[in-house]
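Peer 1: Quick one: the structure is below, questions incoming.
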Protein chains: 4
Amino acid sequence: MMVIMKPEATLDQVSRVLQEAGNNGLEVRVSRNDTRTVIGLTGCKREDLFKRLSEFPGVEEVVLMSHPFKLASREFRPQKSVFCLGGVNIGGEKVVVMAGPCAVENRTMLLETACAVKEAGASFLRGGAFKPRTSPYSFQGLGEKGLDYLQEAKQKTGLPVVTEVMSPEKIIRVAEVADILQVGTRNMQNYSLLEAVGRANRPVLLKRGMMATVEEFLTAAEYILSNGGSRVILCERGIRTFEKMTRNTLDVAAVPLLQNLSHLPVCVDPSHAGGMDSLVIPLAKAAVAAGADALIVEVHPQPKKALSDGKQSLTPDKFRRMMKELSAVAGAVGRHI
Amino acid sequence: MMVIMKPEATLDQVSRVLQEAGNNGLEVRVSRNDTRTVIGLTGCKREDLFKRLSEFPGVEEVVLMSHPFKLASREFRPQKSVFCLGGVNIGGEKVVVMAGPCAVENRTMLLETACAVKEAGASFLRGGAFKPRTSPYSFQGLGEKGLDYLQEAKQKTGLPVVTEVMSPEKIIRVAEVADILQVGTRNMQNYSLLEAVGRANRPVLLKRGMMATVEEFLTAAEYILSNGGSRVILCERGIRTFEKMTRNTLDVAAVPLLQNLSHLPVCVDPSHAGGMDSLVIPLAKAAVAAGADALIVEVHPQPKKALSDGKQSLTPDKFRRMMKELSAVAGAVGRHI
Amino acid sequence: MMVIMKPEATLDQVSRVLQEAGNNGLEVRVSRNDTRTVIGLTGCKREDLFKRLSEFPGVEEVVLMSHPFKLASREFRPQKSVFCLGGVNIGGEKVVVMAGPCAVENRTMLLETACAVKEAGASFLRGGAFKPRTSPYSFQGLGEKGLDYLQEAKQKTGLPVVTEVMSPEKIIRVAEVADILQVGTRNMQNYSLLEAVGRANRPVLLKRGMMATVEEFLTAAEYILSNGGSRVILCERGIRTFEKMTRNTLDVAAVPLLQNLSHLPVCVDPSHAGGMDSLVIPLAKAAVAAGADALIVEVHPQPKKALSDGKQSLTPDKFRRMMKELSAVAGAVGRHI
Amino acid sequence: MMVIMKPEATLDQVSRVLQEAGNNGLEVRVSRNDTRTVIGLTGCKREDLFKRLSEFPGVEEVVLMSHPFKLASREFRPQKSVFCLGGVNIGGEKVVVMAGPCAVENRTMLLETACAVKEAGASFLRGGAFKPRTSPYSFQGLGEKGLDYLQEAKQKTGLPVVTEVMSPEKIIRVAEVADILQVGTRNMQNYSLLEAVGRANRPVLLKRGMMATVEEFLTAAEYILSNGGSRVILCERGIRTFEKMTRNTLDVAAVPLLQNLSHLPVCVDPSHAGGMDSLVIPLAKAAVAAGADALIVEVHPQPKKALSDGKQSLTPDKFRRMMKELSAVAGAVGRHI
């Protein structure tokens, strides 16, 4: 059950709801959603309490929830969310394409790639400065220097930036450059990080854990929302299955499923999902046909020399081809690129 | 290694190849592909033997194979296969839609559904007479009577028929009605059945096992091809993962992957993949956008009363909408419905 | 709901139950369990019908079932089943070890292995004459000749035999040699085969499908039981997961879980589960510690030369060591080997 | 390749190795293992460099590695590691049992449980003060207060404590109470946290990610070791599969596999693996039979009233029974409890 207080509700009115909940043995979690207080109550499904609370002063509405996520749900916000980030609307009619290298490797390659993806029609520049790598002996990203290069590329091309943040203490620094903070697949249930990005209320691209259910994914988004974050983009990037030929298995059904369950925009990462450049374009088309609001794609000027994820990176040429072919598919489903 | 004999090769010439292979300690498997003999050799990668066999009389070509499947591979047949079945080309420019009820439940509902899907533009009628069901206490299909109804619907609508065969001794009977024999997901590695349908050389829609890798799927097709079958359609229908909200996880990447590895046409079943009617249309679009050659879709006049798979069946109305919306997506990828 | 008729119930009494069920719109499935008729009813949970049927003449008991399997359940038979097969009790205090080569490769190796496993304390000889192989180009077993060798080994050693049957028409022939018919993992949902072995009422070792849930596994056993089979041994052999180092993942929890849910004996195959000889002994110990009633283990005199599954086969020496070490573990859980 | 310097190697000698590696285009990672410097080199397998480096002054040994983890491997340290933590040897002959509630709920229940598990023979007290929960609306643990209660229970019973740490900034505080810091399954690839606990060089119980392969698990341990941590215990706690009846699937084969690949002690969590109290004892026995060095088990005085994980918690009575029964199994494999 979720009690949504009126924007003008007083502290005293909130307290009375909390007291009533406590008297009924419910677990309580208070959060602020935009301009109002929302009180999540768990441990009860009694009809009478539902009605009684609805009539408390300051209460706008009491909503029964069918899922463990609340603020992320369509029940809470029936209209699809559209966020304007870096001057780009995400969740609207345009399918937003974010592109760039897996990792920022050096200044030249980043600027070169940024210009190429901008020219081909990308709306956002992606690129990792801090890279979570399975092995401690792999290239871990350029760190601070990588952020500087991203800043320069942003100024040169005018493209807003999405880049990963791996720990709470880096949020402020990364957000100086990033228009969207990416939380990676390995950190989808790193609750310290989720709470911190929520409290910072910066836009977040939340990647689905590689073995997370759709419900867990939305409940991870709920951690951000219930801590004050208001702009979360959900990113399906392939899940782990027994199939060995592809790096992961793109769960394309998650796109309409997430959109049915939640008001948040849905992005797809066809590069990590397939793990091979030959699969990126067909998977990108499938994602757009299934209704994705955004794509995040790895592009590298010389994929064979990439320090990470070369196998799955498109050349700028292939990226241009992708944009052209996607445009037709987007049109076929009433969208544009 | 695979030795492809000339069409006019003599039995003696074949024997000499076999003898040479035996002398080199190789495992041998002989099969007839269309009009010629093909000899699969395993257990060796020696350069010299490869060259020597190439020069044997009667040998057209020796091919090195990088996968356990051979006749199904692009290496063996670089051109995409197009089969004309029941007057319909599968694997060509047109995306072929097969539609109908999960199970043939009675005469009236079958005829009604057949007319509806025909009118909406389907090219094939699907419907199960013999139903493999997880529980022995569930409805197992009408059997022979179901086949009779399918025959009648075929005559009434002119639609060719695809229906499942579950055991070798039923092949001849089912093939009297069916233009395509379906081998179901639970039987993908039922080798007795695969060999029998191969020997009967009837067109087969082979469904991917719910736990099968792409390599195992193609190797199952190889069982049919190496036993004389020449027309196999591969059908991706979702694989089993940890995700609980959907019945299976549609592996949409399997579509381009299968097409890269094999010359055989690829079909997608969006009904079983998602397991919910609300997911069928987005998944069908994703499949077509990713390059699927055919779709097989469950349609039922009254899904809530269906004896099986009601939850995932489209009403005729929704099916009509699907066909219309798919038409645009097909156009966007250079195909038509 | 399941209606268990008295042994002496008349056909007329059975008919009256069926009629009542039909009048109430229930789906009906009749089966004979040992000496009595059992009627499975699905589609209803009404209290009144339950009571009314309990009082019908000829009815011994009406049982409410919480699972889709009935005859396999503990609710139906609370006592653990013990089967005496080939003179050996399975399901009793002794942990029964079945051992031998993956495939019968030739007469000498089979006799040699049979003597070795007998001497080391095995109670059953295993060995495949008909081998289901992923590739049609792999060794498919010696077939009839393999059965002859098994017959000879059985006579020489006195060990009863368990061997695989792959198609209904082979059941009679295989059962001339085999004391237990094995139904392999790929055929766990080959319903034609399950029904046929059920009707033949021969003892069956049913292997769990590599991606079957415990519920599906027991429901597959139900196909055999509801068709007249009365002696089914459930065999956990590892399931398919994302882990790549092992061939499969032994689901050791399935042992106590199956025993809680079902009265049927539970066997474990540590050879296929791990896929490496170094894991066979620890997995065998884990299985016995978790309560397994039987083990089925691959032994080969020269694993490196085996035509199939060499990597996971024990040498006779290691098998002897396994038996010795298992004896202590069995003792620790109140069993013996 | 890994270059192990002598304990007395000078900074200059280390530099010369690094320079040589750089000249050969290798990626370099330097770490200190106990009292010496270890240099990991990746990107090369050349024989000549291997030999040349072996003869550099200050170099003790150059080791070729077959896995992405090095310091965690048996190749690096062939002898099994035994750590003395809180006065208890882990990795030795004794199977160490850690027990206690999932979460510290209040002072009374913790003290009561601690006394009960101590009396039944547990060697460590477990209990969560900070709880990572899937939902932000679930009980998140008592935090600081929970640590205080753990401290008191430790003093009262003399049992050393293992408890979870969720973020780098809490390490120092948690380590004031905890003899072992637990890193939970959701944080197995939270590299900021792994690096921080490594640098703090506190003993760590690292839980396997619910979706992690054995190789990824060991590579996560490598993050701790290569940052200065020297005492890591690997904890298998069940992986995520398609099976729905159990919470996770205990990968019991991981126990011998990890021990073959690594010198680190291996612990098993039968409570989270099965997710039901009826499975805890059989899984604990299976783990010990397979060679586990430790167990971590949830015990709660009133499981039905537990704020988390009640379903899988043992009562003190059942825990006593478990300890008794485990004692026999441990004896059967040459260990004791």
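By convention here, the chains of the structure tokens are called A, B, ... in the order presented, each chain's residues are numbered starting at 1, and ligands are numbered starting at 1 in the order presented.
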Could you go through segment 96-172 of chain B and tell me which residues DSSP, when run on the backbone, assigns to alpha helix (DSSP H), listing them as a CSV table (one decimal) with N, CA and C atoms, in the first residue's frame?
Peer 2:
chain,number,residue,atom,x,y,z
B,107,ARG,N,-14.5,-28.9,-34.6
B,107,ARG,CA,-14.6,-28.5,-36.0
B,107,ARG,C,-14.9,-27.0,-36.2
B,108,THR,N,-15.9,-26.6,-35.5
B,108,THR,CA,-16.4,-25.2,-35.7
B,108,THR,C,-15.3,-24.2,-35.4
B,109,MET,N,-14.6,-24.3,-34.2
B,109,MET,CA,-13.6,-23.3,-33.9
B,109,MET,C,-12.5,-23.3,-34.9
B,110,LEU,N,-12.1,-24.5,-35.4
B,110,LEU,CA,-11.0,-24.6,-36.3
B,110,LEU,C,-11.4,-23.9,-37.7
B,111,LEU,N,-12.6,-24.2,-38.2
B,111,LEU,CA,-13.0,-23.6,-39.4
B,111,LEU,C,-13.1,-22.0,-39.3
B,112,GLU,N,-13.7,-21.6,-38.2
B,112,GLU,CA,-13.8,-20.2,-37.9
B,112,GLU,C,-12.4,-19.5,-37.9
B,113,THR,N,-11.5,-20.1,-37.1
B,113,THR,CA,-10.2,-19.5,-37.0
B,113,THR,C,-9.5,-19.5,-38.3
B,114,ALA,N,-9.6,-20.6,-39.1
B,114,ALA,CA,-8.9,-20.7,-40.3
B,114,ALA,C,-9.3,-19.6,-41.3
B,115,CYS,N,-10.7,-19.4,-41.3
B,115,CYS,CA,-11.2,-18.3,-42.2
B,115,CYS,C,-10.7,-17.0,-41.8
B,116,ALA,N,-10.7,-16.8,-40.5
B,116,ALA,CA,-10.2,-15.5,-39.9
B,116,ALA,C,-8.8,-15.2,-40.3
B,117,VAL,N,-7.9,-16.2,-40.1
B,117,VAL,CA,-6.5,-15.9,-40.3
B,117,VAL,C,-6.2,-15.8,-41.8
B,118,LYS,N,-6.9,-16.6,-42.6
B,118,LYS,CA,-6.8,-16.5,-44.0
B,118,LYS,C,-7.1,-15.1,-44.5
B,119,GLU,N,-8.3,-14.6,-44.0
B,119,GLU,CA,-8.7,-13.3,-44.4
B,119,GLU,C,-7.8,-12.2,-44.0
B,120,ALA,N,-7.1,-12.4,-42.8
B,120,ALA,CA,-6.2,-11.4,-42.3
B,120,ALA,C,-4.8,-11.5,-43.0
B,144,GLU,N,-6.6,-38.3,-34.5
B,144,GLU,CA,-7.1,-38.5,-35.9
B,144,GLU,C,-8.2,-37.5,-36.3
B,145,LYS,N,-9.1,-37.3,-35.4
B,145,LYS,CA,-10.2,-36.4,-35.7
B,145,LYS,C,-9.7,-35.0,-35.9
B,146,GLY,N,-8.7,-34.6,-35.2
B,146,GLY,CA,-8.1,-33.3,-35.4
B,146,GLY,C,-7.5,-33.2,-36.8
B,147,LEU,N,-6.9,-34.3,-37.3
B,147,LEU,CA,-6.3,-34.3,-38.6
B,147,LEU,C,-7.4,-34.1,-39.7
B,148,ASP,N,-8.6,-34.8,-39.4
B,148,ASP,CA,-9.7,-34.6,-40.4
B,148,ASP,C,-10.2,-33.2,-40.5
B,149,TYR,N,-10.3,-32.6,-39.3
B,149,TYR,CA,-10.8,-31.2,-39.3
B,149,TYR,C,-9.8,-30.3,-40.0
B,150,LEU,N,-8.5,-30.6,-39.8
B,150,LEU,CA,-7.4,-29.8,-40.5
B,150,LEU,C,-7.6,-29.9,-42.0
B,151,GLN,N,-7.8,-31.1,-42.4
B,151,GLN,CA,-8.0,-31.4,-43.9
B,151,GLN,C,-9.2,-30.6,-44.4
B,152,GLU,N,-10.2,-30.6,-43.7
B,152,GLU,CA,-11.4,-29.9,-44.1
B,152,GLU,C,-11.1,-28.3,-44.2
B,153,ALA,N,-10.4,-27.8,-43.2
B,153,ALA,CA,-10.1,-26.4,-43.1
B,153,ALA,C,-9.2,-26.0,-44.3
B,154,LYS,N,-8.3,-26.9,-44.6
B,154,LYS,CA,-7.4,-26.7,-45.7
B,154,LYS,C,-8.2,-26.6,-47.0
B,155,GLN,N,-9.1,-27.5,-47.2
B,155,GLN,CA,-9.9,-27.5,-48.4
B,155,GLN,C,-10.8,-26.2,-48.5
B,156,LYS,N,-11.4,-25.9,-47.4
B,156,LYS,CA,-12.2,-24.7,-47.4
B,156,LYS,C,-11.5,-23.4,-47.7
B,157,THR,N,-10.3,-23.3,-47.1
B,157,THR,CA,-9.6,-22.0,-47.1
B,157,THR,C,-8.5,-22.0,-48.2
B,171,ILE,N,4.1,-40.5,-38.9
B,171,ILE,CA,4.6,-39.6,-39.9
B,171,ILE,C,3.7,-39.7,-41.2
B,172,ILE,N,3.5,-40.9,-41.7
B,172,ILE,CA,2.8,-41.1,-42.9
B,172,ILE,C,1.4,-40.5,-42.8
Peer 1: If we count only C-alpha atoms and set the cut-off at 12 Å, which residues sit around segment 302-315 of chain A, ignoring sequence neighbours fewer than 2 positions away in its own chain? Please answer as JSON, numbers by chain.
Peer 2: {"A": [99, 100, 101, 102, 103, 104, 105, 106, 109, 110, 112, 113, 116, 117, 120, 127, 128, 131, 132, 133, 134, 135, 138, 139, 140, 141, 142, 246, 247, 248, 269, 270, 271, 272, 273, 274, 275, 276, 277, 278, 279, 280, 281, 296, 297, 298, 299, 300, 317, 318, 319, 320, 321, 322, 323], "D": [27, 43]}
Peer 1: With only C-alpha atoms as the basis for distance, which of C:Leu125, C:Leu64, C:Val165, C:Val266 is at the shortest distance from chain B?
Peer 2: C:Val165
Peer 1: Excluding His67 of chain A and residues on its chain fewer than 5 positions from it, collect all residues at most 10 Å away from it, counting only C-alpha atoms, and give them as a PyMOL selection string.
Peer 2: chain A and resi 72-73+75+215+218-219+261
Peer 1: Could you check which of B:Val183, B:Leu159, B:Val62, B:Leu11 is closest to Phe130 of chain B, using only C-alpha atoms?
Peer 2: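 Nearest candidate to Phe130 of chain B out of B:Val183, B:Leu159, B:Val62, B:Leu11: B:Val183.
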Peer 1: Select residues of chain C: the criterion is any atom within 10 Å of an atom of chain B, counting only C-alpha atoms; output as a count of residues only.
Peer 2: 56
Peer 1: Neighbouring residues of Ala330 of chain B were defined as those with any atom within 7 Å, considering only C-alpha atoms; residues of the same chain fewer than 5 positions away were excluded. Please report them as a PyMOL selection string.
Peer 2: chain B and resi 288-289+335-337
Peer 1: Quick one: residues within 9 Å of Leu258 of chain D, only C-alpha atoms counted, chain neighbours fewer than 5 positions away excluded, as a list in words?
Peer 2: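 Once the nearby chain positions are removed, what remains is Val214, Leu218, Leu234, Ala253, His263, Leu264, Pro265 and Val266 of chain D.
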Peer 1: Take the residues just selected and output them with N, CA and C atoms as a PDB file, in the first residue's frame.
Peer 2:
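Written output follows (out.pdb):
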ATOM      1  N   VAL D 214      32.612 -19.898 -11.906  1.00  0.00           N
ATOM      2  CA  VAL D 214      33.718 -20.196 -10.991  1.00  0.00           C
ATOM      3  C   VAL D 214      34.922 -19.325 -11.339  1.00  0.00           C
ATOM      4  N   LEU D 218      36.715 -16.583  -8.758  1.00  0.00           N
ATOM      5  CA  LEU D 218      38.126 -16.545  -8.377  1.00  0.00           C
ATOM      6  C   LEU D 218      38.776 -15.239  -8.811  1.00  0.00           C
ATOM      7  N   LEU D 234      36.310 -18.416   0.203  1.00  0.00           N
ATOM      8  CA  LEU D 234      35.355 -18.441  -0.902  1.00  0.00           C
ATOM      9  C   LEU D 234      34.072 -19.099  -0.423  1.00  0.00           C
ATOM     10  N   ALA D 253      29.455 -29.050  -6.900  1.00  0.00           N
ATOM     11  CA  ALA D 253      30.692 -29.359  -7.624  1.00  0.00           C
ATOM     12  C   ALA D 253      31.692 -28.222  -7.530  1.00  0.00           C
ATOM     13  N   HIS D 263      44.072 -22.261  -3.708  1.00  0.00           N
ATOM     14  CA  HIS D 263      44.535 -22.661  -2.379  1.00  0.00           C
ATOM     15  C   HIS D 263      43.645 -22.114  -1.276  1.00  0.00           C
ATOM     16  N   LEU D 264      42.654 -21.297  -1.638  1.00  0.00           N
ATOM     17  CA  LEU D 264      41.829 -20.635  -0.617  1.00  0.00           C
ATOM     18  C   LEU D 264      40.806 -21.600  -0.017  1.00  0.00           C
ATOM     19  N   PRO D 265      40.456 -21.432   1.262  1.00  0.00           N
ATOM     20  CA  PRO D 265      39.435 -22.292   1.877  1.00  0.00           C
ATOM     21  C   PRO D 265      38.060 -22.049   1.251  1.00  0.00           C
ATOM     22  N   VAL D 266      37.215 -23.072   1.266  1.00  0.00           N
ATOM     23  CA  VAL D 266      35.900 -22.991   0.639  1.00  0.00           C
ATOM     24  C   VAL D 266      34.811 -23.235   1.692  1.00  0.00           C
TER      25      VAL D 266
END
Peer 1: Could you tell me how far atom CA of Val161 of chain B lies from atom CA of Val204 of chain B, in Å and to one decimal?
Peer 2: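 If I compute the distance from atom CA of Val161 of chain B to atom CA of Val204 of chain B, I get 11.7 Å.
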Peer 1: Do you know which residues are at most 10 Å from Gly58 of chain D counting only C-alpha atoms, after dropping those on the same chain fewer than 4 positions away, and could you put them as a PyMOL selection string?
Peer 2: chain D and resi 4-14+16-17+54
Peer 1: Quick check, in Å to one decimal: how far apart do atom CA of Gly22 of chain D and atom CA of Gly229 of chain D lie?
Peer 2: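 Taking atom CA of Gly22 of chain D and atom CA of Gly229 of chain D, their separation equals 26.3 Å.
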Peer 1: Between atom CA of Lys324 of chain A and atom CA of Thr249 of chain A, what is the spacing in Å?
Peer 2: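 It comes out at 25.0 Å.
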Peer 1: For Leu295 of chain B, work out the shell of residues within 7 Å, counting only C-alpha atoms and skipping chain neighbours fewer than 5 positions away, then give it as a VMD selection string.
Peer 2: chain B and resid 96 to 98 267 to 269
Peer 1: Could the residues in this selection be written to a file with all heavy atoms, as a PDB file, in the first residue's frame?
Peer 2:
ATOM      1  N   VAL B  96       6.587 -15.180 -44.241  1.00  0.00           N
ATOM      2  CA  VAL B  96       5.431 -16.074 -44.243  1.00  0.00           C
ATOM      3  C   VAL B  96       4.830 -16.161 -42.840  1.00  0.00           C
ATOM      4  O   VAL B  96       5.548 -16.454 -41.880  1.00  0.00           O
ATOM      5  CB  VAL B  96       5.869 -17.478 -44.717  1.00  0.00           C
ATOM      6  CG1 VAL B  96       4.729 -18.469 -44.572  1.00  0.00           C
ATOM      7  CG2 VAL B  96       6.356 -17.401 -46.157  1.00  0.00           C
ATOM      8  N   VAL B  97       3.539 -15.926 -42.745  1.00  0.00           N
ATOM      9  CA  VAL B  97       2.890 -16.016 -41.431  1.00  0.00           C
ATOM     10  C   VAL B  97       2.012 -17.264 -41.354  1.00  0.00           C
ATOM     11  O   VAL B  97       1.147 -17.479 -42.200  1.00  0.00           O
ATOM     12  CB  VAL B  97       2.050 -14.752 -41.140  1.00  0.00           C
ATOM     13  CG1 VAL B  97       1.314 -14.889 -39.801  1.00  0.00           C
ATOM     14  CG2 VAL B  97       2.949 -13.521 -41.123  1.00  0.00           C
ATOM     15  N   MET B  98       2.288 -18.093 -40.348  1.00  0.00           N
ATOM     16  CA  MET B  98       1.493 -19.290 -40.075  1.00  0.00           C
ATOM     17  C   MET B  98       0.666 -18.978 -38.837  1.00  0.00           C
ATOM     18  O   MET B  98       1.220 -18.519 -37.843  1.00  0.00           O
ATOM     19  CB  MET B  98       2.405 -20.481 -39.797  1.00  0.00           C
ATOM     20  CG  MET B  98       3.516 -20.651 -40.840  1.00  0.00           C
ATOM     21  SD  MET B  98       4.662 -21.983 -40.396  1.00  0.00           S
ATOM     22  CE  MET B  98       5.842 -21.855 -41.755  1.00  0.00           C
ATOM     23  N   CYS B 267      12.239 -19.313 -38.703  1.00  0.00           N
ATOM     24  CA  CYS B 267      10.899 -18.923 -38.271  1.00  0.00           C
ATOM     25  C   CYS B 267      10.963 -18.527 -36.791  1.00  0.00           C
ATOM     26  O   CYS B 267      11.848 -18.987 -36.058  1.00  0.00           O
ATOM     27  CB  CYS B 267       9.973 -20.129 -38.463  1.00  0.00           C
ATOM     28  SG  CYS B 267       8.260 -19.894 -37.949  1.00  0.00           S
ATOM     29  N   VAL B 268      10.040 -17.682 -36.343  1.00  0.00           N
ATOM     30  CA  VAL B 268       9.976 -17.321 -34.922  1.00  0.00           C
ATOM     31  C   VAL B 268       8.556 -17.535 -34.410  1.00  0.00           C
ATOM     32  O   VAL B 268       7.583 -17.247 -35.112  1.00  0.00           O
ATOM     33  CB  VAL B 268      10.420 -15.857 -34.704  1.00  0.00           C
ATOM     34  CG1 VAL B 268      10.048 -15.355 -33.311  1.00  0.00           C
ATOM     35  CG2 VAL B 268      11.922 -15.724 -34.914  1.00  0.00           C
ATOM     36  N   ASP B 269       8.453 -18.039 -33.200  1.00  0.00           N
ATOM     37  CA  ASP B 269       7.155 -18.259 -32.550  1.00  0.00           C
ATOM     38  C   ASP B 269       7.024 -17.267 -31.390  1.00  0.00           C
ATOM     39  O   ASP B 269       7.493 -17.538 -30.280  1.00  0.00           O
ATOM     40  CB  ASP B 269       7.107 -19.702 -32.030  1.00  0.00           C
ATOM     41  CG  ASP B 269       5.814 -20.001 -31.276  1.00  0.00           C
ATOM     42  OD1 ASP B 269       5.097 -19.064 -30.877  1.00  0.00           O
ATOM     43  OD2 ASP B 269       5.519 -21.192 -31.073  1.00  0.00           O
TER      44      ASP B 269
END
Peer 1: DSSP says strand (DSSP E or B) for which residues of segment 16-217 of chain D? Put them as a PyMOL selection string?
Peer 2: chain D and resi 27-33+36-42+59-63+73+83-85+88-90+94+96-100+103+124-126+128+161-164+180-183+204-207
